[in-house]
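Trainee: This is the structure, below, for whatever I ask next.
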Amino acid sequence: MSLRIYNTLARAVEDFHPVEAGHVRMYVCGMTVYDLCHLGHARSMVAFDVVQRWLRTSGLKVTYVRNITDIDDKIIKRAVENGETVRGLTDRMIDALRQDADALGIQRPDHEPRATDYVPQMLAMIGQLEHKGLAYRVGSGDVNYAVRKFPGYGKLSGKSLDELHAGERVAVLDGKDDPLDFVLWKSAKPAEPEDAKWDSVYGKGRPGWHIECSAMSCELLGETFDIHGGGADLQFPHHENEIAQSEGATGKPFARTWMHNGFINVDNEKMSKSLGNFFTIREVLKVFDAETVRFFVVRSHYRSPLNYSDVHLNDARGALKRLYTALALVAPADAALDWANPYAARFKAAMDEDFGTPDAVAVLFDLAGEVNKTRSAELAGLLKALGGSLGLLQGEPQRFLQAGAGGDEAAIQAQIDARAAAKKARDFAEADRIRNQLLAQGIVLKDSASGTTWEAAS
């Protein structure tokens, strides 16, 4: 069976064939680095980490690009609020991003371009669009994209221009010819920091968000490449605008396959910074070990919504423990993946059908059950190898099992300290909540005059 991927552009699962046989070129929209990453960002990073891992496991060469947006209105605002340079803020946040990604077992992309390193390429693309009549200057010094002059606008989102206009507020056009037009180059404001401005033929300014990804992807992967990915919230307008810019400038198809991961929800609402209902990766890792968090994400299909709760993460921990128990029972034998093995064949069929991790994970549990029955080192080796293609089961089994359901000792102690602080503040409801949360994770607290200790529930 050949690999099949759901293509948002086609609204269907399609057979996948890279532009260059044997070589997949993939671009994924990364983070805007003005703050720490939250679990929604982790979902996207893990989803596409699994994609690139499976492509490589399948014997394909992969060039994987995940960009960093390091210039943007939010970044400038935060840097000014903090009294630091834009570069100082973004350097700190990029370092934090990489630490969080490493903790979750996310392999570094082949290229991780910063937008600010590609401003000349962005200006060159804006010049191409202006030359073709798809971009125009306005009195403020901005340069805008003329949406109505690009015939295919709306093909990714499935929205017609009339539908898009019905939802537009037209009271303020900001010098635009059309309210749907979007900015390619923003003129600099006097109060903005100097490291947020670049010289150009249009005057001092900075690139718009959409042009950043068009320029970086074309520069690093070519004018037509295989897969473009990102969160479902980027489908419109960001990815729609990327298509308009890139195809408008080059006259060639942009990305052939578009992949979008689903949201993480809290109380049935998308987890996001704007809604204030987000948990940073670091906050979650204080309570749950990193492999449990990764497994929580991986065992759901990348396109499906994923509901976050401590209950679901505790369940993920328990499920992962069952897999590690099988590996602790018998030392896995080292062996290359044998796709003729029935378990491996089922796993491959699941992954080849739009990266079907729920069915692939089900195979892991079936295989773990067989290991428990047969005590086969070869099957244990297969379990570990298949798990490795998802970035799972590579730890030392006894260490994972002995860490306790609440993760490592540092994570448990952090919760105990938070409970102590709640008791000191006479917030007894919060103290009880933390105790009950630890109990749900298999951790029993014992209070005494000398302090609080813990032990794993029997």
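Please note that chains go A, B, ... in the order of the structure tokens, that every chain numbers its residues from 1, and that ligands are numbered from 1 in the order shown.
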If you count only C-alpha atoms, which residues fall within 7 Å of Asp181 (chain A), apart from same-chain ones fewer than 4 positions away, as a PyMOL selection string?

Mentor: chain A and resi 144-147+176

Trainee: Quick one: everything within 9 Å of Ala328 (chain A), counting only C-alpha atoms, minus sequence neighbours fewer than 4 positions away in the same chain. Send it as a list in words.

Mentor: Leu323, Tyr324, Pro332, Glu396, Pro397, Gln398 and Leu401 of chain A

Trainee: Excluding Thr357 (chain A) and any residue of its chain fewer than 3 positions from it, enumerate the residues within 10 Å of it, using only C-alpha atoms, and give them as a list in words.

Mentor: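 After dropping sequence-adjacent residues, the list is Ala47, Val50, Val297, Val298, Arg299, Ser300, His301, Tyr302, Phe347, Ala350, Met351, Asp352, Glu353, Asp354, Ala360, Val361, Ala362, Val363 and Leu390 of chain A.
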
Trainee: If you run DSSP on this backbone, which residues of region 344-458 of chain A come out as strand (DSSP E or B), and could you give them as a list in words?

Mentor: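 Across region 344-458 of chain A, those assigned strand (DSSP E or B) are Glu353, Ile443, Val444, Leu445, Lys446, Asp447, Ser448, Gly451, Thr452, Thr453, Trp454, Glu455 and Ala456 of chain A.
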
Trainee: I need the residues from that last selection saved to file as a PDB file, in the first residue's frame (with N, CA and C atoms), if you can.

Mentor:
ATOM      1  N   GLU A 353      -2.104   5.229   5.901  1.00  0.00           N
ATOM      2  CA  GLU A 353      -3.417   5.813   5.635  1.00  0.00           C
ATOM      3  C   GLU A 353      -3.544   7.110   6.440  1.00  0.00           C
ATOM      4  N   ILE A 443      -0.135   8.823  43.601  1.00  0.00           N
ATOM      5  CA  ILE A 443       0.774   9.346  44.611  1.00  0.00           C
ATOM      6  C   ILE A 443      -0.005   9.648  45.886  1.00  0.00           C
ATOM      7  N   VAL A 444       0.414   9.023  47.003  1.00  0.00           N
ATOM      8  CA  VAL A 444      -0.243   9.225  48.293  1.00  0.00           C
ATOM      9  C   VAL A 444       0.624  10.147  49.151  1.00  0.00           C
ATOM     10  N   LEU A 445       0.025  11.233  49.659  1.00  0.00           N
ATOM     11  CA  LEU A 445       0.743  12.183  50.508  1.00  0.00           C
ATOM     12  C   LEU A 445       0.566  11.822  51.974  1.00  0.00           C
ATOM     13  N   LYS A 446       1.627  12.027  52.752  1.00  0.00           N
ATOM     14  CA  LYS A 446       1.583  11.815  54.191  1.00  0.00           C
ATOM     15  C   LYS A 446       2.104  13.062  54.879  1.00  0.00           C
ATOM     16  N   ASP A 447       1.209  13.754  55.590  1.00  0.00           N
ATOM     17  CA  ASP A 447       1.570  14.976  56.306  1.00  0.00           C
ATOM     18  C   ASP A 447       2.029  14.635  57.716  1.00  0.00           C
ATOM     19  N   SER A 448       3.064  15.343  58.183  1.00  0.00           N
ATOM     20  CA  SER A 448       3.537  15.193  59.557  1.00  0.00           C
ATOM     21  C   SER A 448       4.080  16.525  60.026  1.00  0.00           C
ATOM     22  N   GLY A 451       6.872  17.822  57.883  1.00  0.00           N
ATOM     23  CA  GLY A 451       6.651  18.113  56.479  1.00  0.00           C
ATOM     24  C   GLY A 451       5.801  17.054  55.807  1.00  0.00           C
ATOM     25  N   THR A 452       5.799  17.093  54.474  1.00  0.00           N
ATOM     26  CA  THR A 452       4.990  16.169  53.681  1.00  0.00           C
ATOM     27  C   THR A 452       5.891  15.234  52.894  1.00  0.00           C
ATOM     28  N   THR A 453       5.584  13.945  52.989  1.00  0.00           N
ATOM     29  CA  THR A 453       6.292  12.956  52.190  1.00  0.00           C
ATOM     30  C   THR A 453       5.278  12.281  51.290  1.00  0.00           C
ATOM     31  N   TRP A 454       5.765  11.479  50.344  1.00  0.00           N
ATOM     32  CA  TRP A 454       4.873  10.784  49.425  1.00  0.00           C
ATOM     33  C   TRP A 454       5.365   9.383  49.150  1.00  0.00           C
ATOM     34  N   GLU A 455       4.441   8.549  48.695  1.00  0.00           N
ATOM     35  CA  GLU A 455       4.787   7.207  48.236  1.00  0.00           C
ATOM     36  C   GLU A 455       3.799   6.799  47.158  1.00  0.00           C
ATOM     37  N   ALA A 456       4.198   5.880  46.310  1.00  0.00           N
ATOM     38  CA  ALA A 456       3.310   5.378  45.263  1.00  0.00           C
ATOM     39  C   ALA A 456       2.216   4.538  45.896  1.00  0.00           C
TER      40      ALA A 456
END

Trainee: For Trp209 (chain A), which residue among A:Ala115, A:Ala414, A:Ala377, A:Ala422 is the nearest when counting only C-alpha atoms?

Mentor: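 Between A:Ala115, A:Ala414, A:Ala377, A:Ala422, the residue approaching Trp209 (chain A) most closely is A:Ala115.
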
Trainee: Identify, on the basis of only C-alpha atoms, every residue whose closest approach to region 425-434 of chain A does not exceed 12 Å; exclude the query and any residue fewer than 3 positions from it along the same chain; express the result as a PyMOL selection string.

Mentor: chain A and resi 287+310+406+412-422+437-441+443-445

Trainee: Go ahead and dump the residues you just picked, N, CA and C atoms, as a PDB file, in the first residue's frame.

Mentor:
ATOM      1  N   VAL A 287       3.952  18.506  36.008  1.00  0.00           N
ATOM      2  CA  VAL A 287       2.993  17.553  36.562  1.00  0.00           C
ATOM      3  C   VAL A 287       3.112  16.177  35.908  1.00  0.00           C
ATOM      4  N   ASP A 310      -6.469  16.632  33.075  1.00  0.00           N
ATOM      5  CA  ASP A 310      -5.594  15.777  33.869  1.00  0.00           C
ATOM      6  C   ASP A 310      -6.036  14.322  33.780  1.00  0.00           C
ATOM      7  N   GLY A 406       3.012   9.947  38.611  1.00  0.00           N
ATOM      8  CA  GLY A 406       3.030  11.402  38.552  1.00  0.00           C
ATOM      9  C   GLY A 406       4.232  11.962  37.858  1.00  0.00           C
ATOM     10  N   ILE A 412       6.748  15.727  41.056  1.00  0.00           N
ATOM     11  CA  ILE A 412       5.919  15.457  42.236  1.00  0.00           C
ATOM     12  C   ILE A 412       6.189  16.497  43.312  1.00  0.00           C
ATOM     13  N   GLN A 413       7.479  16.810  43.543  1.00  0.00           N
ATOM     14  CA  GLN A 413       7.820  17.775  44.588  1.00  0.00           C
ATOM     15  C   GLN A 413       7.274  19.153  44.263  1.00  0.00           C
ATOM     16  N   ALA A 414       7.232  19.503  42.983  1.00  0.00           N
ATOM     17  CA  ALA A 414       6.684  20.806  42.596  1.00  0.00           C
ATOM     18  C   ALA A 414       5.212  20.909  42.984  1.00  0.00           C
ATOM     19  N   GLN A 415       4.482  19.810  42.833  1.00  0.00           N
ATOM     20  CA  GLN A 415       3.068  19.818  43.230  1.00  0.00           C
ATOM     21  C   GLN A 415       2.916  19.881  44.748  1.00  0.00           C
ATOM     22  N   ILE A 416       3.793  19.166  45.454  1.00  0.00           N
ATOM     23  CA  ILE A 416       3.754  19.208  46.922  1.00  0.00           C
ATOM     24  C   ILE A 416       4.038  20.621  47.410  1.00  0.00           C
ATOM     25  N   ASP A 417       5.012  21.291  46.787  1.00  0.00           N
ATOM     26  CA  ASP A 417       5.335  22.671  47.164  1.00  0.00           C
ATOM     27  C   ASP A 417       4.165  23.614  46.878  1.00  0.00           C
ATOM     28  N   ALA A 418       3.485  23.383  45.740  1.00  0.00           N
ATOM     29  CA  ALA A 418       2.323  24.217  45.410  1.00  0.00           C
ATOM     30  C   ALA A 418       1.202  24.009  46.425  1.00  0.00           C
ATOM     31  N   ARG A 419       1.037  22.775  46.877  1.00  0.00           N
ATOM     32  CA  ARG A 419       0.015  22.492  47.893  1.00  0.00           C
ATOM     33  C   ARG A 419       0.365  23.177  49.212  1.00  0.00           C
ATOM     34  N   ALA A 420       1.662  23.130  49.572  1.00  0.00           N
ATOM     35  CA  ALA A 420       2.091  23.785  50.815  1.00  0.00           C
ATOM     36  C   ALA A 420       1.832  25.290  50.751  1.00  0.00           C
ATOM     37  N   ALA A 421       2.093  25.882  49.582  1.00  0.00           N
ATOM     38  CA  ALA A 421       1.849  27.327  49.422  1.00  0.00           C
ATOM     39  C   ALA A 421       0.361  27.635  49.525  1.00  0.00           C
ATOM     40  N   ALA A 422      -0.477  26.750  48.964  1.00  0.00           N
ATOM     41  CA  ALA A 422      -1.927  26.954  49.049  1.00  0.00           C
ATOM     42  C   ALA A 422      -2.404  26.873  50.486  1.00  0.00           C
ATOM     43  N   GLN A 437      -5.436  15.418  42.966  1.00  0.00           N
ATOM     44  CA  GLN A 437      -4.798  15.255  41.656  1.00  0.00           C
ATOM     45  C   GLN A 437      -3.632  14.290  41.758  1.00  0.00           C
ATOM     46  N   LEU A 438      -2.832  14.416  42.815  1.00  0.00           N
ATOM     47  CA  LEU A 438      -1.717  13.498  43.019  1.00  0.00           C
ATOM     48  C   LEU A 438      -2.214  12.078  43.274  1.00  0.00           C
ATOM     49  N   LEU A 439      -3.293  11.969  44.025  1.00  0.00           N
ATOM     50  CA  LEU A 439      -3.844  10.645  44.298  1.00  0.00           C
ATOM     51  C   LEU A 439      -4.296   9.970  42.999  1.00  0.00           C
ATOM     52  N   ALA A 440      -4.900  10.776  42.106  1.00  0.00           N
ATOM     53  CA  ALA A 440      -5.334  10.242  40.811  1.00  0.00           C
ATOM     54  C   ALA A 440      -4.150   9.772  39.986  1.00  0.00           C
ATOM     55  N   GLN A 441      -2.971  10.344  40.265  1.00  0.00           N
ATOM     56  CA  GLN A 441      -1.755   9.951  39.545  1.00  0.00           C
ATOM     57  C   GLN A 441      -1.032   8.796  40.242  1.00  0.00           C
ATOM     58  N   ILE A 443      -0.135   8.823  43.601  1.00  0.00           N
ATOM     59  CA  ILE A 443       0.774   9.346  44.611  1.00  0.00           C
ATOM     60  C   ILE A 443      -0.005   9.648  45.886  1.00  0.00           C
ATOM     61  N   VAL A 444       0.414   9.023  47.003  1.00  0.00           N
ATOM     62  CA  VAL A 444      -0.243   9.225  48.293  1.00  0.00           C
ATOM     63  C   VAL A 444       0.624  10.147  49.151  1.00  0.00           C
ATOM     64  N   LEU A 445       0.025  11.233  49.659  1.00  0.00           N
ATOM     65  CA  LEU A 445       0.743  12.183  50.508  1.00  0.00           C
ATOM     66  C   LEU A 445       0.566  11.822  51.974  1.00  0.00           C
TER      67      LEU A 445
END

Trainee: Would you mind reading off the distance between CA of Ala196 (chain A) and CA of Val86 (chain A), one decimal, in Å?

Mentor: 6.9 Å

Trainee: Please report, as an MDAnalysis selection string, each residue of region 47-241 of chain A to which DSSP assigns helix (DSSP H, G or I) when run on this structure's backbone.

Mentor: chainID A and resid 47:57 73:82 86:103 115:131 147:149 161:166 194:196 209:221 232:241

Trainee: Need the shell around Gly127 (chain A): protein/DNA/RNA residues with any atom at most 12 Å away, counting only C-alpha atoms. Skip same-chain ones fewer than 2 positions apart. Format as an MDAnalysis selection string?

Mentor: chainID A and resid 120:125 129:137 143:145 184:185 200:202 211 215 245 248:250

Trainee: May I ask which of the residues A:Asp100, A:Ser58, A:Asn82, A:His238 is the closest one to Trp339 (chain A), counting only C-alpha atoms?

Mentor: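 Among the listed residues, A:Ser58 lies closest to Trp339 (chain A).
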
Trainee: Set the distance at 12 Å and use only C-alpha atoms: which residues neighbour Phe48 (chain A) once local chain neighbours fewer than 5 positions away are removed? I'd like the list as an MDAnalysis selection string.

Mentor: chainID A and resid 26:30 41:43 53:55 64:66 106:109 227:231 259:262 297:298 301:303 355 390:391

Trainee: Neighbouring residues of Ala79 (chain A) were defined as those with any atom within 12 Å, considering only C-alpha atoms; residues of the same chain fewer than 2 positions away were excluded. Please report them as a list of chain:residue names.

Mentor: A:Val33, A:Tyr34, A:Asp35, A:Asp70, A:Ile71, A:Asp72, A:Asp73, A:Lys74, A:Ile75, A:Ile76, A:Lys77, A:Glu81, A:Asn82, A:Gly83, A:Glu84, A:Thr85, A:Val86, A:Arg87, A:Gly88, A:Leu89, A:Thr90, A:Asp91, A:Arg92, A:Met93, A:Glu192, A:Pro193, A:Glu194, A:Asp195, A:Ala196

Trainee: Between A:Lys348, A:Arg206, A:Lys321, A:Pro179, which residue has the minimum interatomic distance to Asp162 (chain A), considering only C-alpha atoms?

Mentor: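 Closest to Asp162 (chain A) of all the choices is A:Pro179.
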